[in-house]
Every structure is written in structure tokens, then in C-alpha cells.
Amino acid sequence: MKPNSHLSFVIPTYNRAEFLDCCLSLIIPSAKKFNIEIYISDNFSGDNTREVVSRKSKEYPLVKYFCNLSNLGADENFRIALGLPRSDYIWLLGDTYQIKPESIDFLINFFLNEKFSADAIVFNVAKRVNNIINCDYFDRNKLLRDLGWHMTCMSSLVYSRRLILAANFDRYRNTNFIQTGIIFEYIENKDFFIKWVGDQSVFPILVKDVAKNSWQDRTFEIWMNKWSNFIFSLAPSYDLNVKLDCIKDHGLKSGLFSVKGLLFLRGEGILNLVTFWKFRYIFPLVIHSSILTVFLISLMPKFIPKIIKNIFHK
């Protein structure tokens, strides 16, 4: 079975065997259609990840498994995963996401017709970007303004191999945004072409009775400190006002720091007086709501946001 030379999938994973099993079940039929290789980079999981991949590789031999000798952290695992394929383009897929068959069909047809000119391709995520139609980006500041907040989602990103080979992974290690940083650094001082595919989305996977363990307990550390520091670290070729807009856009457009998002965080106990006090000087930089609004929500008993949520879901 000769692998597709145009596209590979890479899936970094850690202790999410149930999600990975579902992810592979969903993507293998489309991968088979085009002989696309699927690389699993296991960050030294302690669950049955190896057994899941072994079973799937018997179903589809182009599933390849690599396991780190210890947990190297998410950013380093991303770097390792992106370095595994030899195809012209590499789709970085989260183990809790699925790609619809029509999106893979679209991408293969794009490669056949466009002669591999794009430096990267960015897909929508659950249709959350609903105000920008399919377009090509050649202006770095416009890309950062329009999609910088969105490109934090790893599963939306397809990289050209030339971008990966030129990437300065060390600069963005331990930022939590290595997947985004290597793109914006690559294009910071050169002509480029990045394609936006707004009408094609990846979607989260829901596994019954299995919770997705991720960065939620570090929400404020990541999306206050690390996010703002990451954006400010981008090159001077990115306009300061665009950077400031991008920092605020993620919290609002993703819903994380909308009023509804803040109520959810309070209901989960993630937003409280301790976190409010710790990050009070950064809130005006990152959140559109007033600091008074954040303070009042942090004072609420946790059951009140849950009652509000139930009312809106009826």
C-alpha cells in the first residue's frame, strides 16, 4: 500500500484512549480512500493507548505508532508529531476532534489543483467563525486580526512541509501555542499564502460518560498570562493594535470569557475571588466585559450560574 504523498494526519495524544479510539474509527474510512498515513505520537500514556492503536493498525496498516520514553509536555509532543511524516502537507489533529469526509475530499482536490502553493491551510471549527467566507491571506496583520484567535485550535491547522522544516519550535516551547507560533513566525517577514476554508469544519468528539481532561483547570493561567505574552512576543511586523485586538478576540469569539463563559467558569469554581484577585490587572487587556462585571460574577454562589444555565437551556 503506497502512502499518499500529498497529506498525512498526525495525532499527538496522552491518556485519552477512549477518545483516540473514536477519533481513529471516524478518520480511517476517509484515510483508506486516499491511502493517507496516520501518525500517533503518544506522550507516554499510562492507559491502553498502545492497545487501541495496535488494533487500529491491523484494520489499516498506514496507522503508525510512536511513543515517547517519558511525558515531554504537549508542545514537545506536537513538535515530534509534526516531524514524523514526509508528505507535502500535515494535518495536526487533536485526539478529541473529527474531520468530516467532505473536508478531506476538499483538501485532496485542492492539492491536485493548486500545485502545493499554500504555506498552510486553516479550517473552521464547529462553524464558530461565521463572518469570513473562504479566502486567501497574503497580509500577516489581516490574518492575525481575522483568525489569530481561531488558529489556537490545533485541529484547524494543516501545515506545508516546508513550513515545518523551517519552524523554530524552540522559541515557542512551553508557551501552549507552539502550533500557532510557528505559523506566525514563518510568515512574519516574507511573502506567503495561507488558505482559509471557512465552509469546512472539524468538530469535537463526544464520548458518552467520558470527560475530556485538558487545560480547563489552568484556564486563567493560559488564557490570561500565556496568551497575552505569546501575542506580544510576535515580531514587530505585526501591528500593536492588531495584537491587542487579537488578545481580546479569543475570549469573546470563542465564548470562553463572554458573560456566559464567565458564568460557566464561576459555576465550575474556576473563577472565584482568588483568581479574580490574582489576575485583576490583566482582565482589562483580555476580557471585553468590565472588571466590575467579572468581580460581581466571582462573588456569586456557584449554584446561581448553574441555575441561570438551566433556565437558558429550557
# chains A, B, ... in the order shown; residues from 1 in each chain; ligands from 1
>>> select_by_dssp(residues="segment 88-238 of chain A", states="strand (DSSP E or B)", output="PyMOL selection string")
chain A and resi 89-92+97-99+120-125+135-137+157-160+194-204
>>> residues_around(residues="Thr49 of chain A", least_positions_apart="3", cutoff="7 Å", atoms="only C-alpha atoms", output="list in words")
Asn15, Ala17, Ser45, Val52 and Val53 of chain A
>>> write_last_selection(atoms="N, CA, C and O atoms", output="mmCIF file, in the first residue's frame")
data_model
loop_
_atom_site.group_PDB
_atom_site.id
_atom_site.type_symbol
_atom_site.label_atom_id
_atom_site.label_comp_id
_atom_site.auth_asym_id
_atom_site.auth_seq_id
_atom_site.Cartn_x
_atom_site.Cartn_y
_atom_site.Cartn_z
ATOM 1 N N ASN A 15 -3.065 9.735 27.372
ATOM 2 C CA ASN A 15 -4.086 9.215 28.294
ATOM 3 C C ASN A 15 -5.514 9.525 27.856
ATOM 4 O O ASN A 15 -6.371 9.896 28.673
ATOM 5 N N ALA A 17 -7.327 7.209 25.624
ATOM 6 C CA ALA A 17 -7.529 6.038 24.776
ATOM 7 C C ALA A 17 -8.946 5.974 24.216
ATOM 8 O O ALA A 17 -9.143 5.620 23.040
ATOM 9 N N SER A 45 1.634 7.571 27.544
ATOM 10 C CA SER A 45 0.356 7.353 28.224
ATOM 11 C C SER A 45 0.434 6.176 29.183
ATOM 12 O O SER A 45 1.158 5.203 28.945
ATOM 13 N N VAL A 52 -5.069 0.265 21.752
ATOM 14 C CA VAL A 52 -6.030 0.850 20.805
ATOM 15 C C VAL A 52 -5.382 1.023 19.436
ATOM 16 O O VAL A 52 -5.950 0.632 18.398
ATOM 17 N N VAL A 53 -4.184 1.594 19.407
ATOM 18 C CA VAL A 53 -3.510 1.838 18.134
ATOM 19 C C VAL A 53 -3.123 0.524 17.467
ATOM 20 O O VAL A 53 -3.229 0.385 16.233
#
>>> residues_around(residues="Phe9 of chain A", least_positions_apart="6", cutoff="8 Å", atoms="only C-alpha atoms", output="list in words")
Ile36, Glu37, Ile38, Tyr39, Ile90, Trp91, Leu92 and Leu93 of chain A
>>> closest_residue(among="A:Ser54, A:Ser298, A:Asn168, A:Ser237", to="Arg140 of chain A", atoms="only C-alpha atoms")
A:Ser237
>>> residues_around(residues="Pro305 of chain A", least_positions_apart="2", cutoff="12 Å", atoms="only C-alpha atoms", output="VMD selection string")
chain A and resid 259 to 269 271 296 to 303 307 to 312
>>> write_last_selection(atoms="N, CA, C and O atoms", output="short mmCIF file (atom, residue, chain, number, x, y, z; two decimals), in the first residue's frame")
data_model
loop_
_atom_site.label_atom_id
_atom_site.label_comp_id
_atom_site.auth_asym_id
_atom_site.auth_seq_id
_atom_site.Cartn_x
_atom_site.Cartn_y
_atom_site.Cartn_z
N VAL A 259 -19.78 36.85 28.82
CA VAL A 259 -20.50 36.82 30.10
C VAL A 259 -20.98 35.40 30.39
O VAL A 259 -20.86 34.90 31.52
N LYS A 260 -21.51 34.74 29.38
CA LYS A 260 -21.96 33.35 29.55
C LYS A 260 -20.79 32.45 29.94
O LYS A 260 -20.92 31.59 30.81
N GLY A 261 -19.62 32.66 29.30
CA GLY A 261 -18.45 31.86 29.62
C GLY A 261 -17.97 32.11 31.03
O GLY A 261 -17.58 31.17 31.75
N LEU A 262 -18.00 33.37 31.47
CA LEU A 262 -17.58 33.69 32.84
C LEU A 262 -18.53 33.07 33.86
O LEU A 262 -18.08 32.60 34.92
N LEU A 263 -19.81 33.06 33.55
CA LEU A 263 -20.78 32.42 34.45
C LEU A 263 -20.49 30.92 34.56
O LEU A 263 -20.57 30.33 35.64
N PHE A 264 -20.17 30.32 33.42
CA PHE A 264 -19.82 28.89 33.44
C PHE A 264 -18.58 28.65 34.31
O PHE A 264 -18.56 27.72 35.13
N LEU A 265 -17.57 29.48 34.12
CA LEU A 265 -16.34 29.32 34.90
C LEU A 265 -16.60 29.51 36.39
O LEU A 265 -15.99 28.84 37.23
N ARG A 266 -17.53 30.41 36.73
CA ARG A 266 -17.88 30.58 38.14
C ARG A 266 -18.62 29.35 38.66
O ARG A 266 -18.35 28.87 39.77
N GLY A 267 -19.53 28.82 37.86
CA GLY A 267 -20.27 27.63 38.26
C GLY A 267 -19.39 26.42 38.48
O GLY A 267 -19.67 25.57 39.33
N GLU A 268 -18.28 26.36 37.73
CA GLU A 268 -17.33 25.26 37.88
C GLU A 268 -16.29 25.53 38.97
O GLU A 268 -15.44 24.68 39.23
N GLY A 269 -16.34 26.71 39.56
CA GLY A 269 -15.38 27.05 40.61
C GLY A 269 -14.04 27.51 40.09
O GLY A 269 -13.10 27.73 40.87
N LEU A 271 -13.52 30.34 38.21
CA LEU A 271 -13.49 31.77 38.54
C LEU A 271 -13.98 31.94 39.97
O LEU A 271 -15.07 31.51 40.32
N LEU A 296 -18.24 40.90 40.12
CA LEU A 296 -19.57 40.51 40.61
C LEU A 296 -19.86 39.04 40.33
O LEU A 296 -20.44 38.34 41.18
N ILE A 297 -19.44 38.55 39.17
CA ILE A 297 -19.64 37.13 38.87
C ILE A 297 -18.80 36.26 39.80
O ILE A 297 -19.25 35.22 40.27
N SER A 298 -17.59 36.72 40.11
CA SER A 298 -16.73 35.93 41.01
C SER A 298 -17.28 35.87 42.43
O SER A 298 -16.91 34.98 43.19
N LEU A 299 -18.16 36.81 42.79
CA LEU A 299 -18.78 36.82 44.11
C LEU A 299 -19.98 35.89 44.23
O LEU A 299 -20.40 35.54 45.34
N MET A 300 -20.56 35.53 43.09
CA MET A 300 -21.78 34.72 43.09
C MET A 300 -21.56 33.37 43.76
O MET A 300 -20.53 32.74 43.56
N PRO A 301 -22.53 32.88 44.52
CA PRO A 301 -22.51 31.47 44.93
C PRO A 301 -22.51 30.59 43.68
O PRO A 301 -23.17 30.92 42.68
N LYS A 302 -21.81 29.50 43.70
CA LYS A 302 -21.62 28.69 42.49
C LYS A 302 -22.93 28.14 41.93
O LYS A 302 -23.02 27.86 40.73
N PHE A 303 -23.94 28.00 42.77
CA PHE A 303 -25.19 27.41 42.27
C PHE A 303 -25.98 28.37 41.39
O PHE A 303 -26.78 27.96 40.55
N ILE A 307 -28.04 27.62 37.88
CA ILE A 307 -29.47 27.85 37.72
C ILE A 307 -29.74 28.65 36.44
O ILE A 307 -30.63 28.33 35.65
N ILE A 308 -28.91 29.71 36.22
CA ILE A 308 -29.05 30.52 35.01
C ILE A 308 -28.86 29.68 33.76
O ILE A 308 -29.61 29.78 32.78
N LYS A 309 -27.84 28.79 33.79
CA LYS A 309 -27.58 27.90 32.65
C LYS A 309 -28.78 27.01 32.37
O LYS A 309 -29.18 26.83 31.22
N ASN A 310 -29.38 26.45 33.41
CA ASN A 310 -30.54 25.57 33.23
C ASN A 310 -31.73 26.32 32.65
O ASN A 310 -32.47 25.80 31.83
N ILE A 311 -31.89 27.60 33.08
CA ILE A 311 -33.00 28.40 32.56
C ILE A 311 -32.84 28.62 31.06
O ILE A 311 -33.79 28.46 30.27
N PHE A 312 -31.61 28.96 30.63
CA PHE A 312 -31.37 29.24 29.21
C PHE A 312 -31.43 27.98 28.35
O PHE A 312 -31.65 28.06 27.14
#
>>> closest_atom_pairs(of="segment 154-268 of chain A", to="segment 110-113 of chain A", cutoff="12 Å", atoms="only C-alpha atoms", output="JSON lines")
{"residue": "A:Val158", "atom": "CA", "partner": "A:Phe111", "partner_atom": "CA", "distance": 11.9}
{"residue": "A:Ser160", "atom": "CA", "partner": "A:Phe111", "partner_atom": "CA", "distance": 10.9}
{"residue": "A:Lys195", "atom": "CA", "partner": "A:Phe110", "partner_atom": "CA", "distance": 10.3}
{"residue": "A:Val197", "atom": "CA", "partner": "A:Phe110", "partner_atom": "CA", "distance": 10.9}
>>> closest_residue(among="A:Thr13, A:Asn130, A:Ser5, A:Ser30", to="Ile80 of chain A", atoms="only C-alpha atoms")
A:Thr13
>>> atom_distance(atom1="atom CA of Cys67 of chain A", atom2="atom CA of Met151 of chain A")
26.5 Å
>>> residues_around(residues="Met224 of chain A", least_positions_apart="6", cutoff="10 Å", atoms="only C-alpha atoms", output="list in words")
Arg218, Ile247, Lys248, Gly251, Phe279, Ile282, Phe283, Leu285, Val286 and Ile287 of chain A
>>> select_by_dssp(residues="segment 1-235 of chain A", states="helix (DSSP H, G or I)", output="PyMOL selection string")
chain A and resi 17-34+49-59+74-82+101-114+140-147+150-152+154-156+161-166+169-172+178-186+216-232
>>> atom_distance(atom1="atom CA of Ala120 of chain A", atom2="atom CA of Thr180 of chain A")
11.1 Å
>>> atom_distance(atom1="atom CA of Val129 of chain A", atom2="atom CA of Phe203 of chain A")
12.8 Å
>>> residues_around(residues="Tyr172 of chain A", least_positions_apart="3", cutoff="10 Å", atoms="only C-alpha atoms", output="list in words")
Asp75, Glu76, Ala167, Asn168, Phe169, Thr175, Asn176, Phe177, Ile178, Gln179, Thr180, Gly181, Ile182, Glu185, Phe230 and Ser233 of chain A
>>> write_last_selection(atoms="N, CA and C atoms", output="compact mmCIF listing (two decimals), in the first residue's frame")
# COMPACT_ATOMS: atom_id res chain seq x y z
N ASP A 75 3.72 20.65 24.07
CA ASP A 75 4.39 21.37 22.99
C ASP A 75 5.47 20.51 22.32
N GLU A 76 6.26 19.82 23.13
CA GLU A 76 7.31 18.98 22.56
C GLU A 76 6.71 17.80 21.80
N ALA A 167 10.45 25.68 10.79
CA ALA A 167 9.85 26.16 12.04
C ALA A 167 10.87 26.24 13.17
N ASN A 168 10.76 27.30 13.96
CA ASN A 168 11.58 27.48 15.16
C ASN A 168 10.76 27.01 16.37
N PHE A 169 10.74 25.71 16.58
CA PHE A 169 9.94 25.16 17.66
C PHE A 169 10.46 25.60 19.03
N THR A 175 4.92 27.50 25.66
CA THR A 175 4.01 28.64 25.57
C THR A 175 2.55 28.21 25.54
N ASN A 176 2.29 26.95 25.24
CA ASN A 176 0.95 26.41 24.98
C ASN A 176 0.42 26.79 23.60
N PHE A 177 1.21 27.54 22.82
CA PHE A 177 0.75 27.98 21.49
C PHE A 177 1.81 27.72 20.43
N ILE A 178 2.55 26.64 20.60
CA ILE A 178 3.59 26.31 19.63
C ILE A 178 2.99 26.06 18.25
N GLN A 179 1.80 25.48 18.20
CA GLN A 179 1.14 25.16 16.94
C GLN A 179 0.79 26.42 16.15
N THR A 180 0.52 27.50 16.86
CA THR A 180 0.17 28.78 16.25
C THR A 180 1.41 29.63 15.97
N GLY A 181 2.32 29.61 16.93
CA GLY A 181 3.51 30.46 16.83
C GLY A 181 4.37 30.15 15.62
N ILE A 182 4.52 28.86 15.31
CA ILE A 182 5.41 28.52 14.18
C ILE A 182 4.86 29.05 12.86
N GLU A 185 5.43 33.07 12.98
CA GLU A 185 6.85 33.40 12.83
C GLU A 185 7.30 33.15 11.38
N PHE A 230 2.24 35.49 24.64
CA PHE A 230 2.52 34.91 23.32
C PHE A 230 2.28 35.92 22.21
N SER A 233 4.79 38.60 22.02
CA SER A 233 6.11 38.13 21.59
C SER A 233 6.26 38.06 20.08
>>> residues_around(residues="Pro3 of chain A", least_positions_apart="2", cutoff="10 Å", atoms="only C-alpha atoms", output="PyMOL selection string")
chain A and resi 1+5-8+31-32+34-38+62+86-87
>>> write_last_selection(atoms="N, CA, C and O atoms", output="mmCIF file, in the first residue's frame")
data_model
loop_
_atom_site.group_PDB
_atom_site.id
_atom_site.type_symbol
_atom_site.label_atom_id
_atom_site.label_comp_id
_atom_site.auth_asym_id
_atom_site.auth_seq_id
_atom_site.Cartn_x
_atom_site.Cartn_y
_atom_site.Cartn_z
ATOM 1 N N MET A 1 0.846 -1.194 0.000
ATOM 2 C CA MET A 1 0.000 0.000 0.000
ATOM 3 C C MET A 1 0.884 1.247 0.000
ATOM 4 O O MET A 1 1.585 1.517 0.975
ATOM 5 N N SER A 5 1.307 10.888 -0.998
ATOM 6 C CA SER A 5 2.449 11.793 -0.842
ATOM 7 C C SER A 5 2.018 13.226 -0.533
ATOM 8 O O SER A 5 2.846 14.055 -0.164
ATOM 9 N N HIS A 6 0.727 13.504 -0.689
ATOM 10 C CA HIS A 6 0.242 14.869 -0.505
ATOM 11 C C HIS A 6 -0.077 15.197 0.952
ATOM 12 O O HIS A 6 0.194 16.306 1.415
ATOM 13 N N LEU A 7 -0.675 14.250 1.693
ATOM 14 C CA LEU A 7 -1.232 14.572 3.007
ATOM 15 C C LEU A 7 -1.010 13.435 3.993
ATOM 16 O O LEU A 7 -1.118 12.255 3.638
ATOM 17 N N SER A 8 -0.704 13.813 5.242
ATOM 18 C CA SER A 8 -0.682 12.884 6.368
ATOM 19 C C SER A 8 -1.430 13.515 7.528
ATOM 20 O O SER A 8 -1.543 14.743 7.620
ATOM 21 N N ALA A 31 -9.239 8.063 5.336
ATOM 22 C CA ALA A 31 -7.810 7.840 5.093
ATOM 23 C C ALA A 31 -7.610 6.685 4.117
ATOM 24 O O ALA A 31 -6.742 6.743 3.231
ATOM 25 N N LYS A 32 -8.401 5.637 4.272
ATOM 26 C CA LYS A 32 -8.309 4.481 3.366
ATOM 27 C C LYS A 32 -8.590 4.885 1.924
ATOM 28 O O LYS A 32 -7.969 4.378 0.985
ATOM 29 N N PHE A 34 -7.856 7.461 0.336
ATOM 30 C CA PHE A 34 -6.742 8.137 -0.334
ATOM 31 C C PHE A 34 -5.372 7.610 0.104
ATOM 32 O O PHE A 34 -4.342 8.206 -0.236
ATOM 33 N N ASN A 35 -5.346 6.500 0.847
ATOM 34 C CA ASN A 35 -4.080 5.940 1.357
ATOM 35 C C ASN A 35 -3.277 6.971 2.166
ATOM 36 O O ASN A 35 -2.059 7.131 1.990
ATOM 37 N N ILE A 36 -3.966 7.670 3.067
ATOM 38 C CA ILE A 36 -3.332 8.700 3.879
ATOM 39 C C ILE A 36 -2.762 8.071 5.150
ATOM 40 O O ILE A 36 -3.460 7.357 5.874
ATOM 41 N N GLU A 37 -1.499 8.363 5.432
ATOM 42 C CA GLU A 37 -0.879 7.860 6.662
ATOM 43 C C GLU A 37 -1.396 8.618 7.882
ATOM 44 O O GLU A 37 -1.660 9.816 7.815
ATOM 45 N N ILE A 38 -1.510 7.891 8.981
ATOM 46 C CA ILE A 38 -1.932 8.473 10.257
ATOM 47 C C ILE A 38 -0.857 8.165 11.283
ATOM 48 O O ILE A 38 -0.599 6.994 11.593
ATOM 49 N N LEU A 62 -1.630 1.764 7.517
ATOM 50 C CA LEU A 62 -0.977 3.070 7.448
ATOM 51 C C LEU A 62 -1.151 3.881 8.734
ATOM 52 O O LEU A 62 -0.798 5.064 8.776
ATOM 53 N N ARG A 86 6.464 12.502 5.922
ATOM 54 C CA ARG A 86 7.276 13.018 4.823
ATOM 55 C C ARG A 86 6.388 13.534 3.695
ATOM 56 O O ARG A 86 6.869 13.799 2.594
ATOM 57 N N SER A 87 5.124 13.689 3.951
ATOM 58 C CA SER A 87 4.184 14.164 2.939
ATOM 59 C C SER A 87 4.317 15.669 2.745
ATOM 60 O O SER A 87 4.947 16.364 3.560
#
>>> closest_atom_pairs(of="segment 176-234 of chain A", to="segment 21-27 of chain A", cutoff="12 Å", atoms="only C-alpha atoms", output="tab-separated table")
residue	atom	partner	partner_atom	distance
A:Val202	CA	A:Ile27	CA	11.4
A:Phe203	CA	A:Cys23	CA	10.7
A:Pro204	CA	A:Cys23	CA	9.6
A:Ile205	CA	A:Cys23	CA	7.4
A:Leu206	CA	A:Cys22	CA	9.0
A:Val207	CA	A:Cys22	CA	7.8
A:Lys208	CA	A:Cys22	CA	10.9
A:Val210	CA	A:Cys22	CA	11.6
>>> closest_residue(among="A:Ala74, A:Asn141, A:Trp196, A:Pro61", to="Leu107 of chain A", atoms="only C-alpha atoms")
A:Trp196
>>> decode(residues="segment 273-286 of chain A", atoms="all heavy atoms", output="mmCIF file, in the first residue's frame")
data_model
loop_
_atom_site.group_PDB
_atom_site.id
_atom_site.type_symbol
_atom_site.label_atom_id
_atom_site.label_comp_id
_atom_site.auth_asym_id
_atom_site.auth_seq_id
_atom_site.Cartn_x
_atom_site.Cartn_y
_atom_site.Cartn_z
ATOM 1 N N LEU A 273 -12.884 34.465 43.875
ATOM 2 C CA LEU A 273 -12.217 35.680 44.339
ATOM 3 C C LEU A 273 -10.690 35.556 44.293
ATOM 4 O O LEU A 273 -9.985 36.544 44.075
ATOM 5 C CB LEU A 273 -12.675 36.019 45.757
ATOM 6 C CG LEU A 273 -14.058 36.671 45.855
ATOM 7 C CD1 LEU A 273 -14.464 36.833 47.313
ATOM 8 C CD2 LEU A 273 -14.082 38.027 45.142
ATOM 9 N N VAL A 274 -10.186 34.341 44.476
ATOM 10 C CA VAL A 274 -8.740 34.138 44.433
ATOM 11 C C VAL A 274 -8.215 34.406 43.027
ATOM 12 O O VAL A 274 -7.231 35.141 42.836
ATOM 13 C CB VAL A 274 -8.368 32.715 44.899
ATOM 14 C CG1 VAL A 274 -6.877 32.468 44.701
ATOM 15 C CG2 VAL A 274 -8.738 32.517 46.368
ATOM 16 N N THR A 275 -8.879 33.801 42.007
ATOM 17 C CA THR A 275 -8.424 34.028 40.631
ATOM 18 C C THR A 275 -8.678 35.465 40.201
ATOM 19 O O THR A 275 -7.872 36.047 39.469
ATOM 20 C CB THR A 275 -9.119 33.051 39.653
ATOM 21 O OG1 THR A 275 -10.534 33.120 39.841
ATOM 22 C CG2 THR A 275 -8.651 31.633 39.864
ATOM 23 N N PHE A 276 -9.803 36.029 40.654
ATOM 24 C CA PHE A 276 -10.057 37.435 40.311
ATOM 25 C C PHE A 276 -8.932 38.321 40.824
ATOM 26 O O PHE A 276 -8.404 39.167 40.103
ATOM 27 C CB PHE A 276 -11.388 37.909 40.894
ATOM 28 C CG PHE A 276 -11.599 39.387 40.725
ATOM 29 C CD1 PHE A 276 -12.075 39.884 39.525
ATOM 30 C CD2 PHE A 276 -11.275 40.282 41.745
ATOM 31 C CE1 PHE A 276 -12.237 41.264 39.345
ATOM 32 C CE2 PHE A 276 -11.432 41.650 41.569
ATOM 33 C CZ PHE A 276 -11.917 42.139 40.374
ATOM 34 N N TRP A 277 -8.553 38.138 42.063
ATOM 35 C CA TRP A 277 -7.516 38.983 42.659
ATOM 36 C C TRP A 277 -6.162 38.763 41.976
ATOM 37 O O TRP A 277 -5.415 39.703 41.727
ATOM 38 C CB TRP A 277 -7.413 38.698 44.152
ATOM 39 C CG TRP A 277 -6.516 39.672 44.870
ATOM 40 C CD1 TRP A 277 -5.259 39.464 45.332
ATOM 41 C CD2 TRP A 277 -6.822 41.033 45.191
ATOM 42 N NE1 TRP A 277 -4.746 40.591 45.917
ATOM 43 C CE2 TRP A 277 -5.688 41.579 45.840
ATOM 44 C CE3 TRP A 277 -7.938 41.846 44.979
ATOM 45 C CZ2 TRP A 277 -5.645 42.894 46.296
ATOM 46 C CZ3 TRP A 277 -7.896 43.161 45.430
ATOM 47 C CH2 TRP A 277 -6.767 43.668 46.077
ATOM 48 N N LYS A 278 -5.879 37.511 41.659
ATOM 49 C CA LYS A 278 -4.593 37.183 41.048
ATOM 50 C C LYS A 278 -4.441 37.811 39.669
ATOM 51 O O LYS A 278 -3.351 38.278 39.298
ATOM 52 C CB LYS A 278 -4.435 35.666 40.949
ATOM 53 C CG LYS A 278 -3.108 35.218 40.348
ATOM 54 C CD LYS A 278 -2.987 33.706 40.341
ATOM 55 C CE LYS A 278 -1.662 33.260 39.742
ATOM 56 N NZ LYS A 278 -1.549 31.769 39.718
ATOM 57 N N PHE A 279 -5.522 37.848 38.891
ATOM 58 C CA PHE A 279 -5.435 38.301 37.500
ATOM 59 C C PHE A 279 -6.116 39.648 37.272
ATOM 60 O O PHE A 279 -6.346 40.029 36.122
ATOM 61 C CB PHE A 279 -6.056 37.247 36.571
ATOM 62 C CG PHE A 279 -5.335 35.938 36.573
ATOM 63 C CD1 PHE A 279 -5.822 34.868 37.309
ATOM 64 C CD2 PHE A 279 -4.163 35.771 35.859
ATOM 65 C CE1 PHE A 279 -5.151 33.648 37.323
ATOM 66 C CE2 PHE A 279 -3.490 34.567 35.865
ATOM 67 C CZ PHE A 279 -3.981 33.499 36.607
ATOM 68 N N ARG A 280 -6.424 40.386 38.322
ATOM 69 C CA ARG A 280 -7.231 41.601 38.207
ATOM 70 C C ARG A 280 -6.584 42.645 37.290
ATOM 71 O O ARG A 280 -7.301 43.406 36.622
ATOM 72 C CB ARG A 280 -7.497 42.198 39.587
ATOM 73 C CG ARG A 280 -6.253 42.709 40.312
ATOM 74 C CD ARG A 280 -6.562 42.990 41.780
ATOM 75 N NE ARG A 280 -5.422 43.578 42.500
ATOM 76 C CZ ARG A 280 -4.387 42.883 42.950
ATOM 77 N NH1 ARG A 280 -4.335 41.557 42.743
ATOM 78 N NH2 ARG A 280 -3.415 43.484 43.606
ATOM 79 N N TYR A 281 -5.252 42.685 37.232
ATOM 80 C CA TYR A 281 -4.600 43.684 36.391
ATOM 81 C C TYR A 281 -4.599 43.291 34.911
ATOM 82 O O TYR A 281 -4.388 44.137 34.043
ATOM 83 C CB TYR A 281 -3.150 43.902 36.858
ATOM 84 C CG TYR A 281 -3.043 44.466 38.256
ATOM 85 C CD1 TYR A 281 -2.466 43.746 39.283
ATOM 86 C CD2 TYR A 281 -3.550 45.735 38.537
ATOM 87 C CE1 TYR A 281 -2.373 44.262 40.574
ATOM 88 C CE2 TYR A 281 -3.465 46.272 39.820
ATOM 89 C CZ TYR A 281 -2.877 45.527 40.837
ATOM 90 O OH TYR A 281 -2.805 46.049 42.098
ATOM 91 N N ILE A 282 -4.835 42.011 34.632
ATOM 92 C CA ILE A 282 -4.792 41.542 33.245
ATOM 93 C C ILE A 282 -6.183 41.508 32.617
ATOM 94 O O ILE A 282 -6.315 41.558 31.396
ATOM 95 C CB ILE A 282 -4.149 40.139 33.174
ATOM 96 C CG1 ILE A 282 -2.817 40.126 33.934
ATOM 97 C CG2 ILE A 282 -3.902 39.707 31.725
ATOM 98 C CD1 ILE A 282 -2.140 38.779 33.965
ATOM 99 N N PHE A 283 -7.240 41.430 33.428
ATOM 100 C CA PHE A 283 -8.591 41.350 32.890
ATOM 101 C C PHE A 283 -8.899 42.417 31.844
ATOM 102 O O PHE A 283 -9.460 42.104 30.789
ATOM 103 C CB PHE A 283 -9.636 41.424 34.020
ATOM 104 C CG PHE A 283 -9.805 40.138 34.775
ATOM 105 C CD1 PHE A 283 -9.650 40.112 36.146
ATOM 106 C CD2 PHE A 283 -10.120 38.957 34.131
ATOM 107 C CE1 PHE A 283 -9.800 38.925 36.863
ATOM 108 C CE2 PHE A 283 -10.269 37.765 34.828
ATOM 109 C CZ PHE A 283 -10.108 37.758 36.200
ATOM 110 N N PRO A 284 -8.561 43.697 32.071
ATOM 111 C CA PRO A 284 -8.895 44.710 31.055
ATOM 112 C C PRO A 284 -8.209 44.465 29.712
ATOM 113 O O PRO A 284 -8.709 44.908 28.674
ATOM 114 C CB PRO A 284 -8.405 46.021 31.698
ATOM 115 C CG PRO A 284 -8.403 45.751 33.173
ATOM 116 C CD PRO A 284 -7.990 44.304 33.288
ATOM 117 N N LEU A 285 -7.075 43.791 29.722
ATOM 118 C CA LEU A 285 -6.345 43.507 28.488
ATOM 119 C C LEU A 285 -6.969 42.355 27.717
ATOM 120 O O LEU A 285 -6.938 42.334 26.486
ATOM 121 C CB LEU A 285 -4.889 43.163 28.822
ATOM 122 C CG LEU A 285 -3.961 42.774 27.665
ATOM 123 C CD1 LEU A 285 -3.734 43.960 26.743
ATOM 124 C CD2 LEU A 285 -2.633 42.255 28.207
ATOM 125 N N VAL A 286 -7.592 41.410 28.424
ATOM 126 C CA VAL A 286 -8.003 40.141 27.819
ATOM 127 C C VAL A 286 -9.518 40.013 27.659
ATOM 128 O O VAL A 286 -9.976 39.311 26.758
ATOM 129 C CB VAL A 286 -7.453 38.969 28.665
ATOM 130 C CG1 VAL A 286 -7.859 37.631 28.081
ATOM 131 C CG2 VAL A 286 -5.933 39.053 28.770
#
